[in-house]
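Asker: Sharing a structure here in structure tokens format.
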Amino acid sequence: HTPIVGPGIDDSVQVFAGNQISCTLRSDPVDGMSVSCWGTGSGGELGNGASGSGYASRTPVNVISLPPDTIELVSGGGSRVCVRTSSLRVYCWGQWPGDGSGSANSPSVVSGVDDALEASQGPSGHADRFQRERGVACVIRDAGGAREVWCWGSNDTQSLGPTIVGGRTARVRITNEAGEPLTGAVHVAAGYHHACAVLEVGASFEVHCWGENVNGEVGRGAATPTNPPNPVIGLP
């Protein structure tokens, strides 16, 4: 296969690829920042106001209803796409966009988040499990300088917390063993059914992971779901 130039796109500044969906952040000197997507749109992933079984676009379409703020970051994974704006709000579309609904075919603000420093999306499930497994999404919130981790999405394997039943369409705060907010986050990465965060602890940085652990992916030396987050064993 040979890479081809995306038709009509010559102003991209960032790109990502998800589950049968691709998007790019564009910067035009006249029109400013925008987002274009192509691929599947059955769950609203294209962000153009349309969705439905088998719906797709083989060429880029413009995402509609983006906020007037400057778009600073686009993040995606699985069947969900999100952008962070200069006002530190997060807008998502696709499956489980974080606004309390199950899906959105145009950008919808993630409820209760107006201080996002970073966002990460995990991949969704396979097509035959699509309605049950939409992956995990996480953001780092400034929270008055505490830099807390908040997530939403699937909770089949405790990726949101051991006391939470089922998935959540709205964000929840990730807590430590003492039930206190997970703070000091400088980076967060959401996986299929687990997540990891780099935390500033005193003068050092630690990697803490939680959620599904079938193959030891949370780094605790065992193969059972892990929540609350714990440091990865064996890192210097």
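Residues are referred to by chain and number: the chain letter is A, B, ... according to the order shown in the structure tokens, the number counts from 1 in that chain, and ligands are numbered separately from 1 in the order shown.
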List every residue of stretch 83-109 of chain A that has an atom at most 7 Å from any atom of stretch 32-46 of chain A, giving for each one its closest atom pair and the distance in Å to one decimal, counting only C-alpha atoms, sorted by chain and then by ascending residue number, as a tab-separated table.
Answerer:
```
residue	atom	partner	partner_atom	distance
A:Trp93	CA	A:Glu45	CA	6.1
A:Gly94	CA	A:Glu45	CA	4.3
A:Gln95	CA	A:Gly43	CA	6.1
A:Ser103	CA	A:Gly43	CA	6.8
A:Ala104	CA	A:Gly44	CA	5.8
A:Asn105	CA	A:Gly44	CA	3.7
A:Ser106	CA	A:Gly44	CA	6.9
```
Asker: Would you please give, as number ranges by chain, all residues of stretch 11-90 of chain A that DSSP assigns to strand (DSSP E or B) based on the backbone?
Answerer: A: 12-17, 21-28, 32-40, 56-62, 71-77, 80-85, 90
Asker: Identify all residues of stretch 9-227 of chain A in helix (DSSP H, G or I) (DSSP on the backbone) and supply them as a PyMOL selection string.
Answerer: chain A and resi 127-129+143-145
Asker: Kindly save the residues from that selection, with all heavy atoms included, as an mmCIF file, in the first residue's frame.
Answerer:
```cif
data_model
loop_
_atom_site.group_PDB
_atom_site.id
_atom_site.type_symbol
_atom_site.label_atom_id
_atom_site.label_comp_id
_atom_site.auth_asym_id
_atom_site.auth_seq_id
_atom_site.Cartn_x
_atom_site.Cartn_y
_atom_site.Cartn_z
ATOM 1 N N ALA A 127 -16.660 -5.027 16.724
ATOM 2 C CA ALA A 127 -17.997 -4.725 16.232
ATOM 3 C C ALA A 127 -19.073 -5.560 16.924
ATOM 4 O O ALA A 127 -20.144 -5.065 17.233
ATOM 5 C CB ALA A 127 -18.059 -4.944 14.721
ATOM 6 N N ASP A 128 -18.784 -6.831 17.211
ATOM 7 C CA ASP A 128 -19.812 -7.685 17.804
ATOM 8 C C ASP A 128 -20.014 -7.392 19.288
ATOM 9 O O ASP A 128 -20.902 -7.938 19.909
ATOM 10 C CB ASP A 128 -19.458 -9.162 17.618
ATOM 11 C CG ASP A 128 -18.135 -9.536 18.262
ATOM 12 O OD1 ASP A 128 -17.323 -8.626 18.507
ATOM 13 O OD2 ASP A 128 -17.931 -10.734 18.516
ATOM 14 N N ARG A 129 -19.211 -6.518 19.854
ATOM 15 C CA ARG A 129 -19.354 -6.186 21.265
ATOM 16 C C ARG A 129 -19.505 -4.673 21.425
ATOM 17 O O ARG A 129 -19.324 -4.126 22.496
ATOM 18 C CB ARG A 129 -18.116 -6.666 22.037
ATOM 19 C CG ARG A 129 -17.802 -8.127 21.837
ATOM 20 C CD ARG A 129 -16.398 -8.462 22.253
ATOM 21 N NE ARG A 129 -16.199 -8.404 23.681
ATOM 22 C CZ ARG A 129 -15.010 -8.535 24.259
ATOM 23 N NH1 ARG A 129 -13.940 -8.705 23.522
ATOM 24 N NH2 ARG A 129 -14.883 -8.475 25.566
ATOM 25 N N ALA A 143 -7.990 21.389 38.552
ATOM 26 C CA ALA A 143 -8.527 21.243 39.912
ATOM 27 C C ALA A 143 -7.772 22.110 40.930
ATOM 28 O O ALA A 143 -7.348 21.633 41.978
ATOM 29 C CB ALA A 143 -8.508 19.771 40.343
ATOM 30 N N GLY A 144 -7.610 23.370 40.584
ATOM 31 C CA GLY A 144 -6.942 24.282 41.488
ATOM 32 C C GLY A 144 -5.467 23.998 41.679
ATOM 33 O O GLY A 144 -4.891 24.346 42.715
ATOM 34 N N GLY A 145 -4.852 23.368 40.673
ATOM 35 C CA GLY A 145 -3.441 23.035 40.747
ATOM 36 C C GLY A 145 -3.162 21.627 41.221
ATOM 37 O O GLY A 145 -2.012 21.182 41.233
#
```
Asker: Work out how far apart atom CA of A:Cys92 and atom CA of A:Ser108 are and give it in Å to one decimal.
Answerer: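 If I compute the distance from atom CA of A:Cys92 to atom CA of A:Ser108, I get 5.4 Å.
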Asker: Name the closest residue to A:Pro181 among the candidates A:Val214, A:Val13, A:Leu73, A:Ala146; distances are taken between atoms, counting only C-alpha atoms.
Answerer: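 Result for the nearest residue to A:Pro181: A:Ala146.
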Asker: With only C-alpha atoms as the counted atoms, please give the residues lying no more than 8 Å from A:Pro107, apart from itself and same-chain residues fewer than 6 positions off, as a compact mmCIF listing (two decimals) with N, CA, C and O atoms, in the first residue's frame.
Answerer:
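Okay, part25.txt is ready:
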```txt
# COMPACT_ATOMS: atom_id res chain seq x y z
N GLY A 47 -18.84 13.61 13.23
CA GLY A 47 -19.13 14.91 13.84
C GLY A 47 -19.82 15.90 12.93
O GLY A 47 -19.82 17.11 13.20
N VAL A 63 -16.27 18.88 10.69
CA VAL A 63 -17.00 18.73 11.95
C VAL A 63 -17.76 20.03 12.20
O VAL A 63 -17.20 21.13 12.09
N ILE A 64 -19.05 19.90 12.52
CA ILE A 64 -19.89 21.09 12.71
C ILE A 64 -19.99 21.46 14.18
O ILE A 64 -19.60 20.70 15.07
N SER A 65 -20.52 22.65 14.43
CA SER A 65 -20.87 23.10 15.79
C SER A 65 -19.71 23.10 16.77
O SER A 65 -19.90 22.87 17.96
N LEU A 66 -18.50 23.33 16.26
CA LEU A 66 -17.37 23.45 17.16
C LEU A 66 -17.46 24.78 17.90
O LEU A 66 -17.99 25.77 17.37
N CYS A 82 -12.43 13.69 20.50
CA CYS A 82 -12.54 14.82 21.41
C CYS A 82 -11.57 15.93 21.02
O CYS A 82 -10.52 15.66 20.44
N TYR A 91 -14.71 18.90 24.22
CA TYR A 91 -15.90 18.59 23.43
C TYR A 91 -15.66 17.26 22.71
O TYR A 91 -14.59 17.04 22.14
N CYS A 92 -16.65 16.37 22.77
CA CYS A 92 -16.50 15.05 22.15
C CYS A 92 -17.71 14.72 21.28
O CYS A 92 -18.79 15.30 21.45
N TRP A 93 -17.52 13.77 20.38
CA TRP A 93 -18.61 13.24 19.58
C TRP A 93 -18.32 11.77 19.29
O TRP A 93 -17.21 11.31 19.42
```
Asker: Have a look at A:Ala178, A:Ala195, A:Val188, A:Leu25 and name the one nearest to A:Ser159; count only C-alpha atoms.
Answerer: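 Among the listed residues, A:Ala195 lies closest to A:Ser159.
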Asker: Calculate how many Å separate atom CA of A:Ala189 from atom CA of A:Ile140, rounding to one decimal.
Answerer: 10.1 Å
Asker: Which distance in Å separates atom CA of A:Val81 and atom CA of A:Gly184, to one decimal?
Answerer: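 Separation of atom CA of A:Val81 and atom CA of A:Gly184: 25.4 Å.
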Asker: With distances taken over only C-alpha atoms, which residue among A:Leu88, A:Val110, A:Ala56, A:Cys23 lies nearest A:Thr70?
Answerer: A:Leu88
Asker: Counting only C-alpha atoms, which residue out of A:Val90, A:Val113, A:Ala190, A:Ala197 sits closest to A:Glu212?
Answerer: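 Between A:Val90, A:Val113, A:Ala190, A:Ala197, the residue approaching A:Glu212 most closely is A:Ala190.
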Asker: Mind checking which residues fall within 8 Å of A:Val207, counting only C-alpha atoms, ignoring those fewer than 2 positions away in the same chain, and posting them as a ChimeraX atom specification?
Answerer: /A:196-199,205,209,231-232
Asker: Residues within 6 Å of A:Ala223, please, as a CSV table (one decimal) with N, CA, C and O atoms, in the first residue's frame. Count only C-alpha atoms; anything in the same chain fewer than 6 positions from it doesn't count.
Answerer:
```csv
chain,number,residue,atom,x,y,z
A,213,ASN,N,-6.4,-6.4,33.6
A,213,ASN,CA,-5.1,-6.8,33.8
A,213,ASN,C,-4.9,-8.3,33.4
A,213,ASN,O,-4.1,-9.0,34.0
A,214,VAL,N,-5.6,-8.6,32.3
A,214,VAL,CA,-5.5,-10.0,31.8
A,214,VAL,C,-4.1,-10.5,31.5
A,214,VAL,O,-3.7,-11.6,31.8
A,215,ASN,N,-3.3,-9.6,30.9
A,215,ASN,CA,-1.9,-9.9,30.5
A,215,ASN,C,-0.9,-9.1,31.4
A,215,ASN,O,0.2,-9.0,30.9
A,216,GLY,N,-1.3,-8.7,32.5
A,216,GLY,CA,-0.4,-8.0,33.4
A,216,GLY,C,-0.1,-6.5,33.0
A,216,GLY,O,0.9,-5.9,33.4
```
Asker: I want to know what sits within 9 Å of A:Leu182, based on only C-alpha atoms, with residues of the same chain fewer than 5 positions away left out; could you give that as a VMD selection string?
Answerer: chain A and resid 146 to 150 173 to 176 199 229
Asker: Looking at only C-alpha atoms, which of A:Ile71, A:Ala50, A:Arg58, A:His187 is the one that sits closest to A:Ser27?
Answerer: A:Ile71
